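Reading through the structure tokens given below for one structure.
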Amino acid sequence: MSIERINTERLNLRRLRESDLEDFNYYSSKASVTKYMSWPAHSSLAASREVLHSLMKQNVWALVHRAEGRMIGTISLDPSIRKSPGCRALGYILDDEYWGEGLMREAATALLDASFKAEDLLLIEAMIRVDNEASKRLIKALGFSLEGCLRAYSSDQNGQLCDFNSYSILREEWLSRSPGWSCS
């Protein structure tokens, strides 16, 4: 994707950098933050470095708290499992110290707005584990529609198969409700 930077009221979204390693390790080493991820909390700086280097090659943006100047999470638009062209999958993670402040909604709104306006996207989907209530509330607040439940869709950190809800929003649905954000 061609989007390099997005600025919102409280966040700067930008591409990941090597200098993000300590901040990335800080929140990625917390079990509370990685609870719904397919990977466990990072046990070392080396583990975080390996993952960070992998993410730097993908469509992942750092969430930098403007007032604090540090990275507090990431947000991504990954390739979709759908066969239709122009589909992406939304993913995100946020340091638990910032939960409940509306920051991920702010980041996701800005990224979706910029992506639907700048890219030739048809649809953005989100796969949310059925027991992840906070993410389900976020996705619904963003205007995504529940498509259904995919039973035994993916494994958790312990290898147990989990059910996931599939949500999506079409380009025309998003653009008909989008408030717009500052992109640079």
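We name chains A, B, ... following the order of the structure tokens; residues begin at 1 in each chain, and ligands are numbered from 1 as shown.
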Selection near A:Leu94, 8 Å with only C-alpha atoms, sequence-local residues under 5 positions removed, as number ranges by chain: A: 27, 33, 72-74, 99, 104
Filtered DSSP result for chain A, state strand (DSSP E or B), as a ChimeraX atom specification: /A:5-7,11-15,60-65,70-79,87-94,123-129,145-155,161-170,182-183
Just the selected residues (C-alpha atoms), exported as a tab-separated table (two decimals), in the first residue's frame, please.
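Saved result, part-v8.tsv, follows:
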```
chain	number	residue	atom	x	y	z
A	5	ARG	CA	1.82	8.30	7.30
A	6	ILE	CA	-1.50	9.31	8.80
A	7	ASN	CA	-1.97	11.88	11.54
A	11	LEU	CA	-1.78	9.49	17.10
A	12	ASN	CA	0.74	9.36	14.31
A	13	LEU	CA	0.48	6.24	12.17
A	14	ARG	CA	3.71	5.54	10.32
A	15	ARG	CA	5.70	2.61	9.01
A	60	VAL	CA	1.83	-2.58	9.22
A	61	TRP	CA	1.84	0.87	10.77
A	62	ALA	CA	3.17	1.88	14.17
A	63	LEU	CA	0.73	3.73	16.44
A	64	VAL	CA	2.76	6.53	17.99
A	65	HIS	CA	1.16	8.43	20.85
A	70	ARG	CA	6.35	6.42	21.85
A	71	MET	CA	4.91	3.50	19.93
A	72	ILE	CA	1.94	1.96	21.75
A	73	GLY	CA	0.67	-0.54	19.19
A	74	THR	CA	0.36	-1.51	15.55
A	75	ILE	CA	-2.39	-1.70	12.97
A	76	SER	CA	-2.28	-3.61	9.69
A	77	LEU	CA	-4.11	-4.29	6.46
A	78	ASP	CA	-3.07	-7.79	5.49
A	79	PRO	CA	-3.97	-9.83	2.43
A	87	CYS	CA	-9.92	-7.17	-0.18
A	88	ARG	CA	-7.78	-6.66	2.92
A	89	ALA	CA	-7.91	-7.92	6.50
A	90	LEU	CA	-7.66	-5.48	9.41
A	91	GLY	CA	-5.45	-6.44	12.34
A	92	TYR	CA	-4.31	-4.53	15.42
A	93	ILE	CA	-2.72	-4.70	18.86
A	94	LEU	CA	-2.55	-2.02	21.56
A	123	LEU	CA	-13.83	-4.56	1.15
A	124	ILE	CA	-11.99	-4.74	4.47
A	125	GLU	CA	-12.62	-7.67	6.74
A	126	ALA	CA	-11.81	-8.44	10.36
A	127	MET	CA	-11.58	-11.88	11.91
A	128	ILE	CA	-12.35	-11.59	15.64
A	129	ARG	CA	-12.19	-14.44	18.15
A	145	SER	CA	-21.26	-6.10	9.58
A	146	LEU	CA	-21.17	-9.57	11.07
A	147	GLU	CA	-21.02	-12.12	8.27
A	148	GLY	CA	-21.00	-15.23	10.42
A	149	CYS	CA	-18.99	-17.50	12.67
A	150	LEU	CA	-16.15	-19.63	11.35
A	151	ARG	CA	-15.98	-22.58	13.68
A	152	ALA	CA	-12.55	-24.00	14.59
A	153	TYR	CA	-11.04	-21.29	12.34
A	154	SER	CA	-7.62	-20.87	13.95
A	155	SER	CA	-5.53	-22.04	16.87
A	161	LEU	CA	-8.89	-24.42	17.89
A	162	CYS	CA	-11.03	-21.30	18.36
A	163	ASP	CA	-14.14	-19.95	16.68
A	164	PHE	CA	-13.88	-16.57	14.97
A	165	ASN	CA	-16.53	-14.12	13.83
A	166	SER	CA	-16.07	-12.73	10.35
A	167	TYR	CA	-16.91	-9.02	9.91
A	168	SER	CA	-16.61	-6.80	6.84
A	169	ILE	CA	-17.31	-3.36	5.49
A	170	LEU	CA	-17.63	-2.47	1.82
A	182	SER	CA	-5.57	14.30	7.92
A	183	CYS	CA	-3.28	12.19	5.74
```
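Atom pair atom CA of A:Gly86 / atom CA of A:Leu122: separated by 4.9 Å.
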For atom CA of A:Met56 and atom CA of A:Asn158, determine how far apart the two atoms are, in Å to one decimal place.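 Result for atom CA of A:Met56 versus atom CA of A:Asn158: 26.1 Å, one decimal.
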